[in-house]
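Containing CSV, C-alpha atoms: final_30.csv.
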chain,number,residue,atom,x,y,z
A,52,MET,CA,-0.5,-3.1,24.7
A,53,THR,CA,-2.4,-0.4,22.9
A,54,LEU,CA,0.5,0.0,20.5
A,55,LEU,CA,0.7,-3.8,19.8
A,56,HIS,CA,-3.1,-3.8,19.2
A,57,ASP,CA,-2.8,-0.8,16.8
A,58,ILE,CA,0.1,-2.6,14.9
A,59,ALA,CA,-2.0,-5.8,14.7
A,60,ASN,CA,-5.0,-3.7,13.4
A,61,GLU,CA,-2.8,-2.0,10.9
A,62,LEU,CA,-1.4,-5.2,9.6
A,63,ALA,CA,-4.8,-6.8,9.3
A,64,GLY,CA,-6.2,-3.7,7.6
A,65,MET,CA,-3.3,-3.8,5.1
A,66,PHE,CA,-4.3,-7.3,3.8
A,67,PHE,CA,-7.9,-7.9,4.9
A,68,ALA,CA,-9.6,-4.5,4.8
A,69,ASP,CA,-12.3,-6.0,2.6
A,70,ALA,CA,-12.6,-9.6,3.8
A,71,ARG,CA,-14.6,-10.8,0.7
A,72,LEU,CA,-12.1,-9.3,-1.7
A,73,SER,CA,-9.3,-11.0,0.2
A,74,GLY,CA,-11.2,-14.3,0.4
A,75,ALA,CA,-11.9,-14.2,-3.3
A,76,VAL,CA,-8.2,-13.5,-4.2
A,77,LEU,CA,-7.0,-16.4,-1.9
A,78,ALA,CA,-9.7,-18.7,-3.4
A,79,LEU,CA,-8.5,-17.7,-6.9
A,80,VAL,CA,-4.9,-18.5,-6.1
A,81,LEU,CA,-5.9,-21.9,-4.6
A,82,ILE,CA,-7.9,-22.7,-7.7
A,83,VAL,CA,-5.0,-21.8,-10.0
A,84,ALA,CA,-2.6,-23.8,-7.7
A,85,GLY,CA,-5.1,-26.8,-7.9
A,86,LEU,CA,-5.3,-26.6,-11.7
A,87,THR,CA,-1.6,-26.5,-12.3
A,88,ASN,CA,-0.3,-28.8,-9.5
A,89,SER,CA,-3.1,-31.3,-9.1
A,90,LEU,CA,-4.9,-31.5,-12.4
A,91,GLY,CA,-1.8,-31.1,-14.5
A,92,VAL,CA,-3.2,-28.1,-16.4
A,93,GLU,CA,-0.5,-26.1,-18.4
A,94,PRO,CA,0.9,-23.5,-16.0
A,95,LEU,CA,0.4,-20.7,-18.5
A,96,ILE,CA,-3.3,-21.5,-18.7
A,97,GLY,CA,-3.4,-21.3,-14.9
A,98,GLY,CA,-1.6,-17.9,-15.2
A,99,GLY,CA,-4.3,-16.8,-17.7
A,100,VAL,CA,-7.0,-17.7,-15.1
A,101,LEU,CA,-5.2,-15.6,-12.5
A,102,VAL,CA,-4.8,-12.6,-15.0
A,103,ALA,CA,-8.5,-12.8,-15.9
A,104,GLY,CA,-9.8,-13.5,-12.4
A,105,CYS,CA,-8.1,-10.6,-10.5
A,106,PRO,CA,-9.6,-7.7,-12.5
A,107,LEU,CA,-13.0,-9.5,-12.2
A,108,ILE,CA,-12.7,-9.7,-8.4
A,109,LEU,CA,-11.7,-6.0,-8.3
A,110,VAL,CA,-14.7,-4.9,-10.3
A,111,GLU,CA,-17.1,-7.1,-8.2
A,112,ALA,CA,-15.6,-5.7,-5.0
A,113,ALA,CA,-15.9,-2.1,-6.1
A,114,PHE,CA,-19.5,-2.5,-7.3
A,115,ARG,CA,-20.5,-4.4,-4.1
A,116,ASP,CA,-19.0,-1.8,-1.8
A,117,ALA,CA,-20.5,1.1,-3.8
A,118,ARG,CA,-24.0,-0.5,-3.6
A,119,ARG,CA,-23.6,-1.2,0.2
A,120,ARG,CA,-22.4,2.4,0.9
A,121,ARG,CA,-25.2,4.0,-1.1
A,122,ARG,CA,-27.9,1.9,0.6
A,123,SER,CA,-26.6,2.9,4.1
B,87,MET,CA,21.8,-2.9,-16.2
B,88,ASP,CA,20.2,-4.2,-19.4
B,89,VAL,CA,16.8,-3.3,-20.8
B,90,VAL,CA,15.0,-6.3,-19.1
B,91,SER,CA,16.6,-5.5,-15.7
B,92,TRP,CA,15.4,-1.9,-16.0
B,93,ALA,CA,12.0,-3.1,-17.0
B,94,VAL,CA,11.6,-4.7,-13.6
B,95,ALA,CA,13.8,-2.3,-11.6
B,96,ALA,CA,12.0,0.8,-12.8
B,97,PRO,CA,8.5,-0.3,-11.7
B,98,ALA,CA,9.9,-1.6,-8.4
B,99,VAL,CA,11.7,1.7,-7.6
B,100,SER,CA,8.8,3.9,-8.7
B,101,ALA,CA,6.3,1.8,-6.8
B,102,ALA,CA,8.4,2.1,-3.6
B,103,PHE,CA,8.8,5.8,-4.2
B,104,VAL,CA,5.2,6.7,-4.9
B,105,ALA,CA,3.8,4.4,-2.2
B,106,SER,CA,6.2,5.8,0.3
B,107,LEU,CA,5.3,9.3,-0.8
B,108,VAL,CA,1.6,8.6,0.1
B,109,GLU,CA,2.5,7.1,3.5
B,110,VAL,CA,5.2,9.7,4.4
B,111,VAL,CA,2.8,12.6,3.6
B,112,GLU,CA,0.2,11.0,6.1
B,113,ALA,CA,2.9,10.5,8.8
B,114,PHE,CA,4.3,14.0,8.1
B,115,THR,CA,0.8,15.6,8.8
B,116,ILE,CA,0.7,14.0,12.2
B,117,VAL,CA,4.3,14.8,13.1
B,118,LEU,CA,3.7,18.4,12.0
B,119,ALA,CA,0.7,18.7,14.2
B,120,ILE,CA,2.7,17.3,17.2
B,121,GLY,CA,5.7,19.6,16.4
B,122,THR,CA,3.5,22.7,16.1
B,123,LEU,CA,1.5,22.0,19.3
B,124,ARG,CA,4.1,20.4,21.6
B,125,GLY,CA,7.5,21.5,20.1
B,126,TRP,CA,9.9,19.6,17.8
B,127,ARG,CA,11.9,17.7,20.4
B,128,PRO,CA,9.2,15.1,21.2
B,129,ALA,CA,8.2,15.0,17.5
B,130,ALA,CA,11.8,14.4,16.4
B,131,LEU,CA,12.5,11.8,19.1
B,132,GLY,CA,9.3,9.8,18.4
B,133,THR,CA,10.0,9.9,14.7
B,134,SER,CA,13.6,8.9,15.0
B,135,ALA,CA,12.7,6.0,17.3
B,136,ALA,CA,10.1,4.7,14.9
B,137,LEU,CA,12.5,5.1,11.9
B,138,GLY,CA,15.2,3.2,13.8
B,139,LEU,CA,12.7,0.3,14.6
B,140,LEU,CA,11.6,0.2,11.0
B,141,GLY,CA,15.2,0.1,9.8
B,142,LEU,CA,15.9,-2.7,12.2
B,143,LEU,CA,12.9,-4.6,10.8
B,144,ILE,CA,14.3,-4.3,7.2
B,145,VAL,CA,17.9,-5.3,8.4
B,146,ALA,CA,16.5,-8.3,10.3
B,147,LEU,CA,14.0,-9.5,7.6
B,148,GLY,CA,16.4,-9.1,4.6
B,149,PRO,CA,18.8,-11.9,5.5
B,150,LEU,CA,15.9,-14.2,6.6
B,151,LEU,CA,14.2,-13.8,3.2
B,152,ASP,CA,17.4,-14.9,1.4
B,153,ARG,CA,17.0,-18.3,3.1
B,154,VAL,CA,13.4,-18.9,1.8
B,155,PRO,CA,13.2,-20.8,-1.5
B,156,LEU,CA,12.6,-18.4,-4.4
B,157,HIS,CA,9.4,-19.9,-5.7
B,158,LEU,CA,7.9,-20.0,-2.2
B,159,LEU,CA,9.0,-16.4,-1.6
B,160,GLN,CA,7.5,-15.3,-4.9
B,161,LEU,CA,4.2,-17.0,-4.1
B,162,VAL,CA,3.8,-15.6,-0.6
B,163,ILE,CA,4.9,-12.1,-1.5
B,164,GLY,CA,2.8,-12.3,-4.7
B,165,VAL,CA,-0.3,-13.2,-2.8
B,166,LEU,CA,0.3,-10.5,-0.2
B,167,LEU,CA,0.9,-8.0,-2.9
B,168,LEU,CA,-2.4,-9.0,-4.6
B,169,LEU,CA,-4.3,-8.5,-1.3
B,170,PHE,CA,-2.6,-5.2,-0.5
B,171,GLY,CA,-2.5,-3.8,-4.1
B,172,MET,CA,-6.1,-4.7,-5.0
B,173,GLY,CA,-7.2,-3.3,-1.6
B,174,TRP,CA,-5.6,0.0,-2.4
B,175,LEU,CA,-7.0,0.0,-5.9
B,176,ARG,CA,-10.5,-0.8,-4.8
B,177,LYS,CA,-10.4,2.1,-2.3
B,178,ALA,CA,-8.9,4.5,-4.9
B,179,VAL,CA,-11.6,3.5,-7.4
B,180,LEU,CA,-14.3,4.2,-4.8
B,181,ARG,CA,-12.7,7.6,-3.9
B,182,SER,CA,-12.3,8.5,-7.6
B,183,ALA,CA,-16.0,7.6,-8.1
B,184,GLY,CA,-17.1,9.8,-5.2
B,185,VAL,CA,-18.4,6.9,-3.2
B,186,ILE,CA,-16.1,7.5,-0.3
B,187,PRO,CA,-14.6,10.9,0.5
B,188,LEU,CA,-11.0,11.8,-0.4
B,189,HIS,CA,-8.4,11.8,2.3
B,190,ASP,CA,-7.8,15.4,3.4
B,191,GLU,CA,-4.5,16.2,5.1
B,192,ASN,CA,-6.0,19.4,6.5
B,193,VAL,CA,-8.7,17.4,8.2
B,194,ALA,CA,-6.1,14.9,9.5
B,195,PHE,CA,-4.0,17.8,10.8
B,196,ALA,CA,-7.0,19.3,12.7
B,197,ALA,CA,-8.0,15.9,14.1
B,198,GLU,CA,-4.5,15.2,15.4
B,199,THR,CA,-4.2,18.7,16.9
B,200,GLU,CA,-7.6,18.2,18.6
B,201,HIS,CA,-6.5,14.7,19.8
B,202,LEU,CA,-3.4,16.1,21.4
B,203,ALA,CA,-5.2,19.1,23.0
B,204,GLU,CA,-7.7,16.6,24.4
B,205,ALA,CA,-4.9,14.5,25.8
B,206,ALA,CA,-3.4,17.7,27.3
B,207,ARG,CA,-6.7,18.5,29.1
B,208,ARG,CA,-7.0,15.0,30.5
B,209,LYS,CA,-3.3,14.5,31.6
B,210,ARG,CA,-1.5,17.6,32.7
B,211,THR,CA,1.8,15.7,33.2
B,212,SER,CA,4.1,13.9,30.7
B,213,LEU,CA,2.7,15.8,27.7
B,214,ASP,CA,6.0,15.5,25.9
B,215,TRP,CA,5.9,11.8,26.4
B,216,ILE,CA,2.4,11.6,25.0
B,217,ALA,CA,3.4,13.7,22.0
B,218,GLY,CA,6.6,11.7,21.4
B,219,LEU,CA,4.6,8.5,21.6
B,220,ALA,CA,2.0,9.8,19.1
B,221,ALA,CA,4.8,10.7,16.6
B,222,PHE,CA,6.4,7.2,17.2
B,223,LYS,CA,3.1,5.5,16.6
B,224,ALA,CA,2.2,7.5,13.5
B,225,VAL,CA,5.5,7.0,11.8
B,226,LEU,CA,5.7,3.3,12.8
B,227,LEU,CA,2.2,2.5,11.5
B,228,GLU,CA,2.5,4.3,8.3
B,229,GLY,CA,6.1,3.0,7.9
B,230,LEU,CA,5.0,-0.6,8.3
B,231,GLU,CA,3.3,-0.3,4.9
B,232,VAL,CA,6.4,1.2,3.4
B,233,VAL,CA,8.5,-1.6,4.8
B,234,PHE,CA,6.1,-4.2,3.3
B,235,ILE,CA,6.1,-2.5,-0.1
B,236,VAL,CA,9.9,-2.2,-0.2
B,237,ILE,CA,10.4,-5.9,0.8
B,238,ALA,CA,7.6,-7.0,-1.5
B,239,VAL,CA,8.7,-5.3,-4.7
B,240,GLY,CA,12.4,-5.7,-3.9
B,241,ALA,CA,12.9,-9.2,-2.5
B,242,GLY,CA,11.7,-11.3,-5.4
B,243,ARG,CA,14.5,-10.1,-7.8
B,244,GLY,CA,17.2,-8.9,-5.4
B,245,LEU,CA,16.0,-5.3,-5.7
B,246,LEU,CA,15.8,-4.6,-2.0
B,247,TRP,CA,18.4,-1.8,-2.2
B,248,PRO,CA,16.9,0.1,-5.2
B,249,ALA,CA,13.5,-0.2,-3.6
B,250,SER,CA,14.8,1.1,-0.3
B,251,ILE,CA,16.5,4.0,-2.1
B,252,GLY,CA,13.1,4.8,-3.8
B,253,ALA,CA,11.4,4.9,-0.4
B,254,LEU,CA,14.2,7.0,1.2
B,255,ALA,CA,14.0,9.4,-1.7
B,256,ALA,CA,10.2,9.9,-1.0
B,257,CYS,CA,11.0,10.6,2.7
B,258,VAL,CA,13.6,13.2,1.7
B,259,ALA,CA,11.3,14.8,-0.8
B,260,VAL,CA,8.4,15.1,1.7
B,261,LEU,CA,10.8,16.4,4.4
B,262,ILE,CA,12.2,19.1,2.1
B,263,VAL,CA,8.9,20.2,0.8
B,264,GLY,CA,7.3,20.0,4.3
B,265,ALA,CA,10.1,22.1,5.8
B,266,VAL,CA,9.7,24.8,3.1
B,267,VAL,CA,5.9,25.0,3.2
B,268,HIS,CA,5.6,24.2,6.9
B,269,ARG,CA,1.9,23.1,6.7
B,270,PRO,CA,0.1,19.8,5.8
B,271,LEU,CA,0.8,18.8,2.2
B,272,SER,CA,-2.8,18.8,1.2
B,273,ARG,CA,-2.2,19.5,-2.5
B,274,VAL,CA,-0.5,16.1,-3.0
B,275,PRO,CA,-2.9,14.2,-5.3
B,276,GLU,CA,-3.0,11.3,-2.9
B,277,ASN,CA,-5.8,9.3,-4.5
B,278,THR,CA,-4.1,9.5,-8.0
B,279,LEU,CA,-0.9,8.3,-6.4
B,280,LYS,CA,-2.8,5.5,-4.5
B,281,PHE,CA,-4.5,4.5,-7.8
B,282,GLY,CA,-1.1,4.3,-9.5
B,283,VAL,CA,0.5,2.3,-6.6
B,284,GLY,CA,-2.5,0.0,-6.5
B,285,VAL,CA,-2.1,-0.7,-10.2
B,286,MET,CA,1.6,-1.4,-9.9
B,287,LEU,CA,1.4,-3.6,-6.8
B,288,SER,CA,-1.5,-5.6,-8.3
B,289,ALA,CA,0.6,-6.1,-11.4
B,290,PHE,CA,3.6,-7.3,-9.3
B,291,GLY,CA,1.2,-9.5,-7.4
B,292,VAL,CA,-0.1,-11.3,-10.4
B,293,PHE,CA,3.4,-11.6,-11.8
B,294,TRP,CA,5.1,-13.0,-8.6
B,295,THR,CA,2.1,-15.3,-7.8
B,296,GLY,CA,2.2,-16.7,-11.3
B,297,GLU,CA,6.0,-17.3,-11.1
B,298,GLY,CA,5.6,-18.8,-7.6
B,299,LEU,CA,3.1,-21.3,-9.1
B,300,GLY,CA,5.5,-22.2,-11.9
B,301,VAL,CA,4.1,-20.0,-14.7
B,302,GLU,CA,6.8,-18.9,-17.2
B,303,TRP,CA,5.3,-15.6,-18.4
B,304,PRO,CA,5.9,-14.9,-22.1
B,305,GLY,CA,8.1,-11.8,-22.5
B,306,GLN,CA,9.1,-12.3,-18.8
B,307,ASP,CA,9.6,-9.1,-16.8
B,308,LEU,CA,8.3,-6.9,-19.7
B,309,LEU,CA,4.8,-8.4,-19.2
B,310,LEU,CA,4.6,-6.4,-15.9
B,311,PHE,CA,3.7,-3.4,-18.1
B,312,GLY,CA,0.9,-5.4,-19.7
B,313,PHE,CA,-0.5,-6.4,-16.3
B,314,ALA,CA,-0.2,-2.8,-15.1
B,315,ALA,CA,-2.1,-1.6,-18.2
B,316,LEU,CA,-4.8,-4.2,-17.6
B,317,PHE,CA,-5.3,-3.1,-13.9
B,318,PHE,CA,-5.2,0.6,-15.0
B,319,VAL,CA,-7.9,0.2,-17.6
B,320,THR,CA,-10.0,-2.0,-15.3
B,321,GLY,CA,-9.7,0.6,-12.5
B,322,LEU,CA,-10.6,3.5,-14.7
B,323,ALA,CA,-13.5,1.8,-16.3
B,324,THR,CA,-14.8,0.6,-12.9
B,325,ALA,CA,-14.6,4.1,-11.4
B,326,THR,CA,-16.5,5.5,-14.4
B,327,LEU,CA,-19.2,2.8,-14.2
B,328,VAL,CA,-19.5,3.1,-10.4
B,329,ARG,CA,-19.8,6.9,-10.6
B,330,ARG,CA,-22.7,6.8,-13.2
B,331,PRO,CA,-25.7,5.8,-10.9
B,332,SER,CA,-24.9,8.6,-8.5
B,333,MET,CA,-24.8,11.1,-11.4
B,334,GLU,CA,-28.1,10.0,-12.7
B,335,ALA,CA,-29.6,10.1,-9.2
B,336,SER,CA,-28.4,13.7,-8.7
B,337,ARG,CA,-30.2,14.9,-11.9
Could you rewrite the structure in this file as structure tokens?
Amino acid sequence: MTLLHDIANELAGMFFADARLSGAVLALVLIVAGLTNSLGVEPLIGGGVLVAGCPLILVEAAFRDARRRRRS
Amino acid sequence: MDVVSWAVAAPAVSAAFVASLVEVVEAFTIVLAIGTLRGWRPAALGTSAALGLLGLLIVALGPLLDRVPLHLLQLVIGVLLLLFGMGWLRKAVLRSAGVIPLHDENVAFAAETEHLAEAARRKRTSLDWIAGLAAFKAVLLEGLEVVFIVIAVGAGRGLLWPASIGALAACVAVLIVGAVVHRPLSRVPENTLKFGVGVMLSAFGVFWTGEGLGVEWPGQDLLLFGFAALFFVTGLATATLVRRPSMEASR
């Protein structure tokens, strides 16, 4: 059971080590999907939103984590 | 293979190779500690069992993935790659900026040795069993990431075999170097490799996610290099900016 627990932890850590970063990425993908599939926005514009959004999420996550670690 | 095929195959194979290198070095450190402390038999048995299970996982998942519609597969794998790749890149940026300490294989080796010695003190029987299980667990847990990366960079374009060969090459390289030096491979620039893999996986993630959502990228597969450049520059700039306040504070 410990092994299964460790495997579950490893898998969760692979994708959700930073819950807010993961949440932001999933939200961005949902927004792009909504834009292209529901609002009829040109898929390439949706792709542009994805390309612009991911680096912004990365920058925010790194700065937030750095601030948090320096405070503690 | 034409130029465009190489354009997507080369990043897939190199991502699988470099990512596997990082994970295999970490697993090797633990197996080395077990082999040194308890002998090579339990270490080899545990490692072989884990590698067999990981191989079964790839063999079982490969045909299943062929049945999933391509756009859905690209979307799911793309999102998982974004989560995984950007997670690695964030951590590499923070390590590069000195916010979190670098991973040290010598420290990991000492910790595993201490862990095994502690287990030996508590349980005087079945020590080989404990050692074998520790090797099995280390290889299985590190290998899970390798399996995911191989499937993720390989499945979307039928590159499962080239990606597997990239991962296997990394295993062979670590085993050869490890057998020669016979100590933890602490001089491998792990954070630089993790930074590079994070960049590549994030680029693949944007590319597959976009394709899964119906985006037809201009330049097709060649745009992967553009995405990789974007994440590379963003990562470097972020590491520089994050490092700055601590430098000012230390003056």
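Selected on chain A by distance to chain B: Met65, Phe66, Ser73, Pro94, Leu95, Gly98 and Ala113 of chain A (within 6 Å, counting only C-alpha atoms).
If you look at atom CA of Ala113 of chain B and atom CA of Pro149 of chain B, they are 27.7 Å away from each other.
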Check your understanding: Using only C-alpha atoms, can you list as a ChimeraX atom specification the residues within 10 Å of (-1.2, 16.3, 18.3)?
Key -> /B:115-124,129,195-206,216-218,220-221
Point to revise | Protein and nucleic acid residues near (-6.6, -19.6, -6.5) (cut-off 12 Å, all atoms listed in the file) as number ranges by chain | key: A: 73-88, 97-105, 108; B: 161, 165, 168, 292, 295-296, 299
Got time to write the residues from that selection, C-alpha atoms, as a compact mmCIF listing (two decimals), keeping the file's coordinate frame?
# COMPACT_ATOMS: atom_id res chain seq x y z
CA SER A 73 -9.30 -11.00 0.20
CA GLY A 74 -11.20 -14.30 0.40
CA ALA A 75 -11.90 -14.20 -3.30
CA VAL A 76 -8.20 -13.50 -4.20
CA LEU A 77 -7.00 -16.40 -1.90
CA ALA A 78 -9.70 -18.70 -3.40
CA LEU A 79 -8.50 -17.70 -6.90
CA VAL A 80 -4.90 -18.50 -6.10
CA LEU A 81 -5.90 -21.90 -4.60
CA ILE A 82 -7.90 -22.70 -7.70
CA VAL A 83 -5.00 -21.80 -10.00
CA ALA A 84 -2.60 -23.80 -7.70
CA GLY A 85 -5.10 -26.80 -7.90
CA LEU A 86 -5.30 -26.60 -11.70
CA THR A 87 -1.60 -26.50 -12.30
CA ASN A 88 -0.30 -28.80 -9.50
CA GLY A 97 -3.40 -21.30 -14.90
CA GLY A 98 -1.60 -17.90 -15.20
CA GLY A 99 -4.30 -16.80 -17.70
CA VAL A 100 -7.00 -17.70 -15.10
CA LEU A 101 -5.20 -15.60 -12.50
CA VAL A 102 -4.80 -12.60 -15.00
CA ALA A 103 -8.50 -12.80 -15.90
CA GLY A 104 -9.80 -13.50 -12.40
CA CYS A 105 -8.10 -10.60 -10.50
CA ILE A 108 -12.70 -9.70 -8.40
CA LEU B 161 4.20 -17.00 -4.10
CA VAL B 165 -0.30 -13.20 -2.80
CA LEU B 168 -2.40 -9.00 -4.60
CA VAL B 292 -0.10 -11.30 -10.40
CA THR B 295 2.10 -15.30 -7.80
CA GLY B 296 2.20 -16.70 -11.30
CA LEU B 299 3.10 -21.30 -9.10
Exercise for review: Take atom CA of Gly252 of chain B and atom CA of Phe103 of chain B and report the distance between them in Å, one decimal.
Suggested key: 4.4 Å
Review point. By how many Å are atom CA of Thr278 of chain B and atom CA of Leu72 of chain A apart?
Key: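 Atom-to-atom, atom CA of Thr278 of chain B and atom CA of Leu72 of chain A are spaced 21.4 Å apart.
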Point to revise | Among listed residues B:Val145, B:Val104, B:Lys280, B:Trp126, nearest Val260 of chain B (using all atoms listed in the file) | key: B:Val104
Could you pull segment 53-117 of chain A out of the structure I just pasted and write it to a file containing C-alpha atoms, as a PDB file, in the first residue's frame?
ATOM      1  CA  THR A  53       2.907   2.317   0.738  1.00  0.00           C
ATOM      2  CA  LEU A  54       4.192   1.707  -2.797  1.00  0.00           C
ATOM      3  CA  LEU A  55       0.796   2.554  -4.322  1.00  0.00           C
ATOM      4  CA  HIS A  56       0.649   5.649  -2.134  1.00  0.00           C
ATOM      5  CA  ASP A  57       4.132   6.672  -3.322  1.00  0.00           C
ATOM      6  CA  ILE A  58       3.157   6.094  -6.966  1.00  0.00           C
ATOM      7  CA  ALA A  59       0.018   8.202  -6.510  1.00  0.00           C
ATOM      8  CA  ASN A  60       2.104  10.952  -4.873  1.00  0.00           C
ATOM      9  CA  GLU A  61       4.663  10.802  -7.687  1.00  0.00           C
ATOM     10  CA  LEU A  62       1.959  11.094 -10.365  1.00  0.00           C
ATOM     11  CA  ALA A  63       0.242  13.966  -8.544  1.00  0.00           C
ATOM     12  CA  GLY A  64       3.600  15.699  -8.092  1.00  0.00           C
ATOM     13  CA  MET A  65       4.377  15.351 -11.796  1.00  0.00           C
ATOM     14  CA  PHE A  66       1.366  17.409 -12.855  1.00  0.00           C
ATOM     15  CA  PHE A  67       0.188  19.333  -9.800  1.00  0.00           C
ATOM     16  CA  ALA A  68       3.352  20.202  -7.837  1.00  0.00           C
ATOM     17  CA  ASP A  69       2.263  23.862  -7.975  1.00  0.00           C
ATOM     18  CA  ALA A  70      -1.528  23.767  -7.777  1.00  0.00           C
ATOM     19  CA  ARG A  71      -1.966  27.401  -8.818  1.00  0.00           C
ATOM     20  CA  LEU A  72       0.261  27.023 -11.887  1.00  0.00           C
ATOM     21  CA  SER A  73      -1.619  23.867 -12.883  1.00  0.00           C
ATOM     22  CA  GLY A  74      -4.977  25.574 -12.264  1.00  0.00           C
ATOM     23  CA  ALA A  75      -3.940  28.571 -14.355  1.00  0.00           C
ATOM     24  CA  VAL A  76      -2.798  26.343 -17.250  1.00  0.00           C
ATOM     25  CA  LEU A  77      -6.069  24.377 -17.176  1.00  0.00           C
ATOM     26  CA  ALA A  78      -8.076  27.619 -17.021  1.00  0.00           C
ATOM     27  CA  LEU A  79      -6.131  29.019 -19.998  1.00  0.00           C
ATOM     28  CA  VAL A  80      -6.812  25.887 -22.061  1.00  0.00           C
ATOM     29  CA  LEU A  81     -10.519  26.080 -21.151  1.00  0.00           C
ATOM     30  CA  ILE A  82     -10.620  29.756 -22.177  1.00  0.00           C
ATOM     31  CA  VAL A  83      -8.962  28.989 -25.529  1.00  0.00           C
ATOM     32  CA  ALA A  84     -11.329  26.041 -26.064  1.00  0.00           C
ATOM     33  CA  GLY A  85     -14.297  28.299 -25.249  1.00  0.00           C
ATOM     34  CA  LEU A  86     -13.069  31.022 -27.598  1.00  0.00           C
ATOM     35  CA  THR A  87     -12.534  28.703 -30.560  1.00  0.00           C
ATOM     36  CA  ASN A  88     -15.383  26.214 -30.083  1.00  0.00           C
ATOM     37  CA  SER A  89     -18.189  28.250 -28.514  1.00  0.00           C
ATOM     38  CA  LEU A  90     -17.558  31.846 -29.586  1.00  0.00           C
ATOM     39  CA  GLY A  91     -16.370  30.974 -33.084  1.00  0.00           C
ATOM     40  CA  VAL A  92     -13.083  32.836 -32.749  1.00  0.00           C
ATOM     41  CA  GLU A  93     -10.491  31.937 -35.399  1.00  0.00           C
ATOM     42  CA  PRO A  94      -8.481  28.925 -34.058  1.00  0.00           C
ATOM     43  CA  LEU A  95      -5.186  30.665 -34.826  1.00  0.00           C
ATOM     44  CA  ILE A  96      -6.187  33.584 -32.565  1.00  0.00           C
ATOM     45  CA  GLY A  97      -6.997  31.057 -29.855  1.00  0.00           C
ATOM     46  CA  GLY A  98      -3.558  29.548 -30.449  1.00  0.00           C
ATOM     47  CA  GLY A  99      -2.054  33.017 -30.035  1.00  0.00           C
ATOM     48  CA  VAL A 100      -3.801  33.393 -26.672  1.00  0.00           C
ATOM     49  CA  LEU A 101      -2.304  30.036 -25.625  1.00  0.00           C
ATOM     50  CA  VAL A 102       1.205  31.028 -26.791  1.00  0.00           C
ATOM     51  CA  ALA A 103       1.013  34.362 -24.973  1.00  0.00           C
ATOM     52  CA  GLY A 104      -0.644  32.997 -21.840  1.00  0.00           C
ATOM     53  CA  CYS A 105       1.702  30.124 -20.994  1.00  0.00           C
ATOM     54  CA  PRO A 106       4.886  32.226 -20.570  1.00  0.00           C
ATOM     55  CA  LEU A 107       2.900  34.758 -18.499  1.00  0.00           C
ATOM     56  CA  ILE A 108       1.684  31.969 -16.202  1.00  0.00           C
ATOM     57  CA  LEU A 109       5.265  30.711 -15.861  1.00  0.00           C
ATOM     58  CA  VAL A 110       6.597  34.164 -14.940  1.00  0.00           C
ATOM     59  CA  GLU A 111       3.817  34.715 -12.384  1.00  0.00           C
ATOM     60  CA  ALA A 112       4.359  31.277 -10.820  1.00  0.00           C
ATOM     61  CA  ALA A 113       8.134  31.787 -10.495  1.00  0.00           C
ATOM     62  CA  PHE A 114       7.796  35.268  -8.940  1.00  0.00           C
ATOM     63  CA  ARG A 115       5.013  34.151  -6.578  1.00  0.00           C
ATOM     64  CA  ASP A 116       6.991  31.120  -5.408  1.00  0.00           C
ATOM     65  CA  ALA A 117      10.189  33.171  -4.984  1.00  0.00           C
TER      66      ALA A 117
END
